[in-house]
Every structure is written in C-alpha cells, then in structure tokens.
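Contents: one structure, followed by commentary.
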Amino acid sequence: GIYSLPQSLQLDSRHSNFTLEGCGDGAQLQAEPDRETNFLHGLIVLNRANYVTLRNLRFQLPIVPFAKAGGKLTSFLESKNERFDFGSKFQETLHVSVGIRPLHCELLTVQNCLFRFEIQKISNLFAVGLFAGSECWGVNLIGNRFLRDEEYLIDQENTNENEQRFLVGYLLSPSFIGENSQELSIVPSLLQDGIILDNRFTGLTTAMLILADTGMVRVENNIVFQCLSGFWLTPI
C-alpha cells in the first residue's frame with residue numbers, strides 16, 4: 001500500500017530492536033501533498049535507535065524547499081565566486097530530498113528497499129537516499145535500489161552551469177552544529193563493521209560517499225549504472 005506521512009517518522013532509543021517491514025510488493029512511504037516542509041531531515045529520522053531493521057519499503061523522496069523548511073547553511077560555506085556562492089540566494093533556491101536520516105545508530109539494517117529520486121525542473125538539489133551522521137557501527141545495506149526516474153535522465157545534459165545537483169545513494173559525513181563559523185562544533189563520523197552488498201545505484205551523481213573514520217567495511221556485488229562516480233571512502 002501507499003502511506004502518506006504528515007511529517008518525518010521519528011525513531012529514537014525507545015525504538016531500538018524495532019523492525020518496519022512491508023508485505024508483498026512493499027509499502028511505499030511518501031510525504032503528504034503540500035506538507036513537504038515537514039521533511040527537511042527525511043522521511044524517517046533515527047536518533048540513537050539501535051538494532052533497527054527497515055525491509056521491503058519503497059521511499060518516494062520528497063522535494064523540500066530548504067529555506068522555507070527552516071534550513072540554514074553555515075557562513076563558512078559562503079563564497080565570493082558567484083558560481084560557487086552558497087549564501088542566501090543559493091539557499092532560497094536550494095531543495096533537499098532525503099529518504100532515511102540515521103544519527104548515531106548501531107546495527108542498522110536496510111534491506112530490499114527502493115529509493116526513488118526525482119529532479120523536476122528545479123535549479124539546486126541535494127538528494128540522498130540514506131544520509132548518515134555520527135557513529136555507524138555494523139550498518140547493513142543489502143539488496144537495495146537507488147533509482148533516479150528515467151524521464152529525468154536527460155536533464156543532466158541541459159543543466160545550466162549555475163545549477164547544482166548532487167544525488168547520492170549513501171552519504172556519511174561529519175555534522176556541523178552552530179549559528180556561524182566562529183561557534184561551530186563538529187560531530188565526527190565513524191563507520192565500522194559495515195556491509196554494503198547486492199545494491200544497485202542508477203542515475204546518481206555518486207553511489208556512495210563516506211567521509212569518516214573508517215574501519216572494516218565490506219563492499220561487494222554492487223552495481224553502479226549511469227552514475228558519474230561509484231564508491232568514495234575518504235578516511236578523516
């Protein structure tokens with residue numbers, strides 16, 4: 001069935017050892033129409049929820065106007081170069097699209113899920129299937145599909161040079177907390193004992209980008225098709 005959510009589904013430590021699984025062809029999760037601003041951080045947000053399993057689900061990634069939803073980029077990202085200016089003008093046109101946002105979650109399993117990306121006719125888009133942060137011990141990504149809709153594949157060729165589009169299947173990076181560059185605190189990221197197995201990535205900027213203190217990670221039998229790049233593991 002199709003389940004339209006009024007806001008992000010929030011899971012925390014009280015939901016540890018929790019399994020959410022679709023039956024048959026899978027359950028589709030999407031944002032209710034005209035409520036996209038409630039999904040700045042994604043359809044599902046997990047904060048310190050351990051041993052959670054998400055299986056046989058279909059995520060229709062919402063397209064969220066960043067500034068209207070209350071998002072704000074830190075000042076150190078601003079640039080005097082107009083092409084790379086991430087100031088207020090850029091933020092007004094920026095849209096974000098996130099499926100799952102796990103933060104400091106151990107032994108998260110995402111299996112046999114579909115993440116469907118859309119571009120539409122918007123200029124600046126940051127879209128991530130799974131956008132992880134902090135420490136990720138024992139993450140298992142098995143048999144998932146990360147797909148950009150076929151009718152939008154040609155849009156990449158017609159993109160204006162000032163448009164910024166970044167679509168990634170799995171992203172793990174440090175987080176920055178604070179109002180400005182002088183008051184920022186950094187939440188480091190870590191990936192240990194991860195399994196990335198039998199996934200398919202189609203039509204994205206990059207399949208996986210990991211900016212983290214990285215330990216043992218098994219990456220095997222994945223397919224990357226029509227993406228600009230594949231797997232980036234950058235220890236920091």
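The way I read the labels, and the way they are meant: chains A, B, ... in the order of the structure tokens, residue 1 as the first residue of every chain, and ligand 1 as the first ligand shown, with later ones counted on from there.
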
Exercise for the section: Quick one: everything within 8 Å of Ala69 of chain A, counting only C-alpha atoms, minus sequence neighbours fewer than 3 positions away in the same chain. Send it as a PyMOL selection string. Expected result: chain A and resi 37-40+64-66

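The interatomic distance for the pair atom CA of Leu233 of chain A and atom CA of Thr206 of chain A works out to 11.6 Å.
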
Practice task
Tell me which protein, DNA and RNA residues are within 9 Å of Glu220 of chain A, counting only C-alpha atoms, leaving out same-chain ones fewer than 3 positions away, and put them as a PyMOL selection string.
Solution key: chain A and resi 195-199

Residues from last step as file, N, CA and C atoms, as a JSON list (two decimals), in the first residue's frame:
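Writing done, so here's again_18.json:
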```json
[["chain", "number", "residue", "atom", "x", "y", "z"],
["A", 195, "ILE", "N", 28.46, -3.57, 6.04],
["A", 195, "ILE", "CA", 28.27, -4.47, 4.91],
["A", 195, "ILE", "C", 27.42, -3.77, 3.86],
["A", 196, "ILE", "N", 27.99, -3.56, 2.67],
["A", 196, "ILE", "CA", 27.29, -2.94, 1.55],
["A", 196, "ILE", "C", 27.24, -3.99, 0.45],
["A", 197, "LEU", "N", 26.10, -4.65, 0.28],
["A", 197, "LEU", "CA", 26.05, -5.88, -0.51],
["A", 197, "LEU", "C", 24.83, -5.92, -1.42],
["A", 198, "ASP", "N", 25.07, -6.23, -2.70],
["A", 198, "ASP", "CA", 23.98, -6.50, -3.67],
["A", 198, "ASP", "C", 23.04, -5.31, -3.87],
["A", 199, "ASN", "N", 23.57, -4.10, -3.82],
["A", 199, "ASN", "CA", 22.76, -2.91, -4.08],
["A", 199, "ASN", "C", 22.94, -2.45, -5.52]]
```

Problem - Given only C-alpha atoms as the counted atoms, nearest of A:Leu43, A:Leu103, A:Ile177, A:Ala212 to Val128 of chain A - result: A:Leu43

Problem - helix (DSSP H, G or I) residues, from DSSP on the backbone, in segment 27-139 of chain A, as a list in words - result: Glu36, Thr37, Asn38, Phe39, Ser75, Phe76, Leu77, Glu82, Arg83, Phe84, Ser88, Lys89, Phe90, Gln91, Glu92 and Thr93 of chain A

Please produce an output containing C-alpha atoms for each residue in the selection, written as a CSV table (one decimal), in the first residue's frame.
```csv
chain,number,residue,atom,x,y,z
A,36,GLU,CA,7.0,18.8,2.1
A,37,THR,CA,8.4,21.4,4.5
A,38,ASN,CA,7.9,18.9,7.4
A,39,PHE,CA,10.6,16.6,5.8
A,75,SER,CA,28.5,31.1,6.9
A,76,PHE,CA,31.8,29.4,6.2
A,77,LEU,CA,30.2,27.8,3.1
A,82,GLU,CA,29.2,33.7,-7.9
A,83,ARG,CA,29.3,30.2,-9.4
A,84,PHE,CA,30.1,28.7,-6.0
A,88,SER,CA,21.3,33.4,0.9
A,89,LYS,CA,20.5,33.5,-2.8
A,90,PHE,CA,21.6,29.9,-3.2
A,91,GLN,CA,19.7,28.8,-0.1
A,92,GLU,CA,16.5,30.3,-1.4
A,93,THR,CA,16.6,28.1,-4.5
```

Please report, as CSV, each residue of segment 6-118 of chain A lying at most 12 Å from segment 200-205 of chain A, together with the nearest pair of atoms and the separation in Å rounded to one decimal; use only C-alpha atoms, and order rows by chain and ascending residue number.
```
residue,atom,partner,partner_atom,distance
A:Gln111,CA,A:Arg200,CA,12.0
A:Asn112,CA,A:Arg200,CA,10.5
A:Cys113,CA,A:Arg200,CA,10.6
A:Leu114,CA,A:Arg200,CA,9.6
A:Phe115,CA,A:Phe201,CA,9.6
A:Arg116,CA,A:Thr202,CA,9.9
A:Phe117,CA,A:Leu204,CA,8.7
A:Glu118,CA,A:Gly203,CA,10.4
```

Problem - Residues within 12 Å of Leu20 of chain A, only C-alpha atoms, excluding chain neighbours under 4 positions, as JSON, numbers by chain - result: {"A": [9, 11, 15, 16, 26, 27, 28, 29, 44, 51, 52, 53, 54, 55, 56, 57, 58, 108, 109, 110, 111, 113]}

Output file for the residues above (N, CA and C atoms, as a short mmCIF file (atom, residue, chain, number, x, y, z; two decimals), in the first residue's frame):
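Final output, saved to out-v8.cif:
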```
data_model
loop_
_atom_site.label_atom_id
_atom_site.label_comp_id
_atom_site.auth_asym_id
_atom_site.auth_seq_id
_atom_site.Cartn_x
_atom_site.Cartn_y
_atom_site.Cartn_z
N LEU A 9 8.89 10.42 10.17
CA LEU A 9 8.72 9.38 11.17
C LEU A 9 9.96 9.37 12.06
N LEU A 11 12.29 8.01 15.06
CA LEU A 11 12.60 6.86 15.90
C LEU A 11 13.81 7.21 16.77
N HIS A 15 12.92 3.03 20.41
CA HIS A 15 12.53 2.15 19.31
C HIS A 15 13.63 1.19 18.91
N SER A 16 14.63 1.01 19.76
CA SER A 16 15.67 0.03 19.48
C SER A 16 15.06 -1.37 19.38
N GLY A 26 5.85 -4.53 -1.17
CA GLY A 26 6.45 -3.49 -0.35
C GLY A 26 5.50 -2.34 -0.09
N ALA A 27 5.73 -1.65 1.00
CA ALA A 27 4.93 -0.48 1.36
C ALA A 27 5.66 0.77 0.90
N GLN A 28 4.92 1.70 0.29
CA GLN A 28 5.52 2.95 -0.18
C GLN A 28 5.29 4.05 0.83
N LEU A 29 6.38 4.72 1.22
CA LEU A 29 6.31 5.86 2.13
C LEU A 29 6.57 7.13 1.33
N ILE A 44 12.24 9.20 7.22
CA ILE A 44 12.45 8.54 8.50
C ILE A 44 13.73 9.10 9.12
N TYR A 51 19.80 -1.48 16.49
CA TYR A 51 19.21 -2.76 16.07
C TYR A 51 17.87 -2.55 15.34
N VAL A 52 17.78 -1.53 14.54
CA VAL A 52 16.57 -1.26 13.76
C VAL A 52 16.71 -1.89 12.38
N THR A 53 15.65 -2.50 11.89
CA THR A 53 15.62 -3.10 10.56
C THR A 53 14.50 -2.47 9.74
N LEU A 54 14.85 -1.98 8.56
CA LEU A 54 13.87 -1.45 7.60
C LEU A 54 13.96 -2.35 6.36
N ARG A 55 12.87 -3.01 6.04
CA ARG A 55 12.93 -4.03 4.99
C ARG A 55 11.70 -3.94 4.07
N ASN A 56 11.97 -4.10 2.79
CA ASN A 56 10.91 -4.18 1.77
C ASN A 56 10.01 -2.94 1.78
N LEU A 57 10.67 -1.77 1.80
CA LEU A 57 9.96 -0.49 1.76
C LEU A 57 10.34 0.28 0.52
N ARG A 58 9.43 1.13 0.05
CA ARG A 58 9.71 1.99 -1.10
C ARG A 58 9.61 3.44 -0.64
N LEU A 108 22.16 -0.88 12.19
CA LEU A 108 21.01 -0.55 11.35
C LEU A 108 21.05 -1.43 10.09
N THR A 109 19.93 -2.06 9.78
CA THR A 109 19.81 -2.87 8.57
C THR A 109 18.74 -2.28 7.66
N VAL A 110 19.14 -2.00 6.43
CA VAL A 110 18.21 -1.55 5.40
C VAL A 110 18.31 -2.57 4.26
N GLN A 111 17.22 -3.27 4.02
CA GLN A 111 17.29 -4.42 3.11
C GLN A 111 16.10 -4.44 2.15
N CYS A 113 15.03 -2.43 -0.10
CA CYS A 113 14.25 -1.20 -0.19
C CYS A 113 14.54 -0.47 -1.50
#
```

Handout entry: Distance in Å - atom CA of Gln226 of chain A versus atom CA of Gln30 of chain A
Key = 25.1 Å

Practice task
Between A:Leu184, A:Ile223, A:Val45, A:Val96, single out the one closest to Gly143 of chain A, counting only C-alpha atoms.
Solution key: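 Counting only C-alpha atoms, the residue closest to Gly143 of chain A is A:Ile223.
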
Practice task
Figure out the distance between atom CA of Leu191 of chain A and atom CA of Leu211 of chain A, please, to one decimal in Å.
Solution key: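 Atom-to-atom, atom CA of Leu211 of chain A to atom CA of Leu191 of chain A, that is 9.1 Å.
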
Practice task
Write out as an MDAnalysis selection string all residues of segment 3-209 of chain A that DSSP puts in strand (DSSP E) for this structure's backbone.
Solution key: chainID A and resid 3:5 9:11 19:21 27:31 44:47 53:55 57:60 64:65 94:103 109:111 114:117 124:132 135:137 140:142 145:148 165:172 175:177 185:187 190:192 194:197 200:202 206:209
